[in-house]
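Asker: Dropping a structure here in structure tokens format, bear with me for questions.
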Amino acid sequence: MSIQGQGDILIIQTGGTIDKLYPQHQGAYGFEIGPPAVINILPRAAPYLSCTVESICTKDSQEITDADREDILRCVVDANQQLVLITHGTDTICETARYLARAGVGQGKDFGPGVGEKIVVLTGAVKPECMKDSDADFNIGFALGVLQASTSPGVYVAMEGSIVSGMHVIRNKNGKFLDEREM
């Protein structure tokens with residue numbers, strides 16, 4: 001799906017709470033991963049941006065493997081866009097951010113044209129987008145703002161109004177995303 005306007009951002013869906021829907025089948029009782037929630041959010045959050053949405057996987061983040069992370073990496077590397085937003089479950093968002101940073105994404109020109117110069121922001125939600133009091137709209141809007149305002153390539157996690165380097169992000173026992181160097 002493409003949404004037209006100013007800018008050129010790739011948005012990658014990986015699943016996680018942000019994309020969860022109420023049970024879609026009779027007799028089902030658990031949330032299910034649905035289509036990219038960002039499709040619902042973009043018209044509300046960023047009507048002037050041109051965004052392309054791609055789905056890499058639709059998993060709870062606890063089920064994401066290094067093979068999935070390799071698929072995410074390949075999508076980022078192969079993308080024509082320099083600005084990439086990844087929606088991800090919050091349980092393993094830190095691991096995926098580190099995986100991408102260690103692979104050279106956003107780490108400078110020495111990692112090859114278009115790879116080391118990219119700006120990648122990962123975000124998610126504590127409550128599904130389909131819930132009235134979800135944090136999804138805020139986190140997506142915030143992450144899009146971070147992408148546009150960033151002048152330095154890198155991998156970042158943008159959650160709850162905080163921006164943390166993907167290479168050094170940790171999640172504390174209270175669920176807050178922090179820079180391990182500041183601990």
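Scheme for the structure tokens: letters A, B, ... for chains in order shown; per-chain residue numbers from 1; ligand numbers from 1 in order shown.
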Running DSSP on the backbone, which parts of range 27-178 of chain A land in strand (DSSP E), as number ranges by chain?

Answerer: A: 32-33, 49-59, 83-87, 119-123, 154-159, 162-165, 169-171, 177-178

Asker: Can I get the residues of range 24-121 of chain A within 10 Å of range 15-19 of chain A, each with the closest pair of atoms and their distance in Å to one decimal, using only C-alpha atoms, sorted chain first then ascending number, as a Markdown table?

Answerer:
| residue | atom | partner | partner_atom | distance |
| --- | --- | --- | --- | --- |
| A:Phe31 | CA | A:Thr17 | CA | 8.8 |
| A:Glu32 | CA | A:Asp19 | CA | 8.2 |
| A:Ile33 | CA | A:Asp19 | CA | 5.4 |
| A:Gly34 | CA | A:Asp19 | CA | 5.5 |
| A:Pro35 | CA | A:Asp19 | CA | 6.6 |
| A:Pro36 | CA | A:Asp19 | CA | 5.8 |
| A:Ala37 | CA | A:Asp19 | CA | 5.1 |
| A:Val38 | CA | A:Asp19 | CA | 8.2 |
| A:Ser55 | CA | A:Gly15 | CA | 8.4 |
| A:Ile56 | CA | A:Gly15 | CA | 8.6 |
| A:Cys57 | CA | A:Gly15 | CA | 6.4 |
| A:Thr58 | CA | A:Gly15 | CA | 4.2 |
| A:Lys59 | CA | A:Gly15 | CA | 4.8 |
| A:Asp60 | CA | A:Gly16 | CA | 4.6 |
| A:Ser61 | CA | A:Gly16 | CA | 5.4 |
| A:Gln62 | CA | A:Gly16 | CA | 8.6 |
| A:Glu63 | CA | A:Gly16 | CA | 9.5 |
| A:Ile64 | CA | A:Gly15 | CA | 9.3 |
| A:Ile86 | CA | A:Gly15 | CA | 9.7 |
| A:Thr87 | CA | A:Gly15 | CA | 7.0 |
| A:His88 | CA | A:Gly16 | CA | 5.4 |
| A:Gly89 | CA | A:Gly16 | CA | 3.7 |
| A:Thr90 | CA | A:Gly16 | CA | 7.1 |
| A:Asp91 | CA | A:Gly16 | CA | 8.5 |
| A:Thr92 | CA | A:Gly16 | CA | 9.5 |
| A:Ile93 | CA | A:Gly16 | CA | 9.5 |

Asker: Skipping near chain neighbours, those fewer than 2 positions away, what residues fall within 12 Å of Thr151 in chain A using only C-alpha atoms, listed as a short mmCIF file (atom, residue, chain, number, x, y, z; two decimals) with N, CA, C and O atoms, in the first residue's frame?

Answerer:
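Contents of result.cif, as written:
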data_model
loop_
_atom_site.label_atom_id
_atom_site.label_comp_id
_atom_site.auth_asym_id
_atom_site.auth_seq_id
_atom_site.Cartn_x
_atom_site.Cartn_y
_atom_site.Cartn_z
N GLN A 82 15.78 5.82 2.21
CA GLN A 82 16.79 6.01 3.25
C GLN A 82 16.14 6.06 4.64
O GLN A 82 16.82 5.87 5.65
N LEU A 83 14.85 6.34 4.68
CA LEU A 83 14.11 6.43 5.94
C LEU A 83 13.20 5.22 6.07
O LEU A 83 12.36 4.97 5.19
N GLY A 106 22.90 2.00 9.25
CA GLY A 106 23.04 3.30 9.88
C GLY A 106 24.37 3.54 10.57
O GLY A 106 24.51 4.49 11.33
N GLU A 117 24.10 4.57 5.64
CA GLU A 117 23.57 5.93 5.70
C GLU A 117 22.07 5.98 5.99
O GLU A 117 21.47 7.04 6.04
N LYS A 118 21.45 4.83 6.21
CA LYS A 118 20.00 4.80 6.45
C LYS A 118 19.67 5.22 7.87
O LYS A 118 20.46 5.08 8.79
N ILE A 119 18.46 5.74 8.01
CA ILE A 119 17.90 6.05 9.33
C ILE A 119 16.73 5.09 9.52
O ILE A 119 15.78 5.10 8.73
N VAL A 120 16.84 4.25 10.55
CA VAL A 120 15.83 3.24 10.82
C VAL A 120 15.30 3.47 12.23
O VAL A 120 16.08 3.58 13.18
N GLY A 145 8.14 11.49 13.21
CA GLY A 145 8.81 12.76 13.50
C GLY A 145 10.30 12.57 13.70
O GLY A 145 11.12 13.36 13.21
N VAL A 146 10.67 11.51 14.40
CA VAL A 146 12.09 11.20 14.61
C VAL A 146 12.77 10.95 13.27
O VAL A 146 13.87 11.46 13.01
N LEU A 147 12.13 10.19 12.40
CA LEU A 147 12.70 9.91 11.07
C LEU A 147 12.97 11.20 10.30
O LEU A 147 14.03 11.37 9.70
N GLN A 148 12.01 12.10 10.32
CA GLN A 148 12.14 13.34 9.55
C GLN A 148 13.15 14.31 10.15
O GLN A 148 13.79 15.06 9.44
N ALA A 149 13.27 14.30 11.48
CA ALA A 149 14.15 15.26 12.15
C ALA A 149 15.59 14.76 12.29
O ALA A 149 16.49 15.56 12.51
N PRO A 153 22.59 9.15 10.47
CA PRO A 153 22.18 7.79 10.21
C PRO A 153 22.25 6.97 11.50
O PRO A 153 23.02 7.27 12.40
N GLY A 154 21.46 5.93 11.55
CA GLY A 154 21.50 5.05 12.72
C GLY A 154 20.24 4.24 12.83
O GLY A 154 19.30 4.36 12.04
#

Asker: Provide the CA of Arg98 in chain A to CA of Met167 in chain A distance in Å, to one decimal place.

Answerer: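 Calculated distance between CA of Arg98 in chain A and CA of Met167 in chain A is 4.8 Å.
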
Asker: Between CA of Gly161 in chain A and CA of Asn139 in chain A, what is the distance in Å, rounded to a tenth?

Answerer: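 These two atoms are separated by 7.4 Å.
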
Asker: From the set A:Val84, A:Met131, A:Val115, A:Ile72, which residue has the shortest atom-to-atom contact distance to Val157 in chain A, counting only C-alpha atoms?

Answerer: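 Checking each candidate against Val157 in chain A, we get A:Val84 as the closest.
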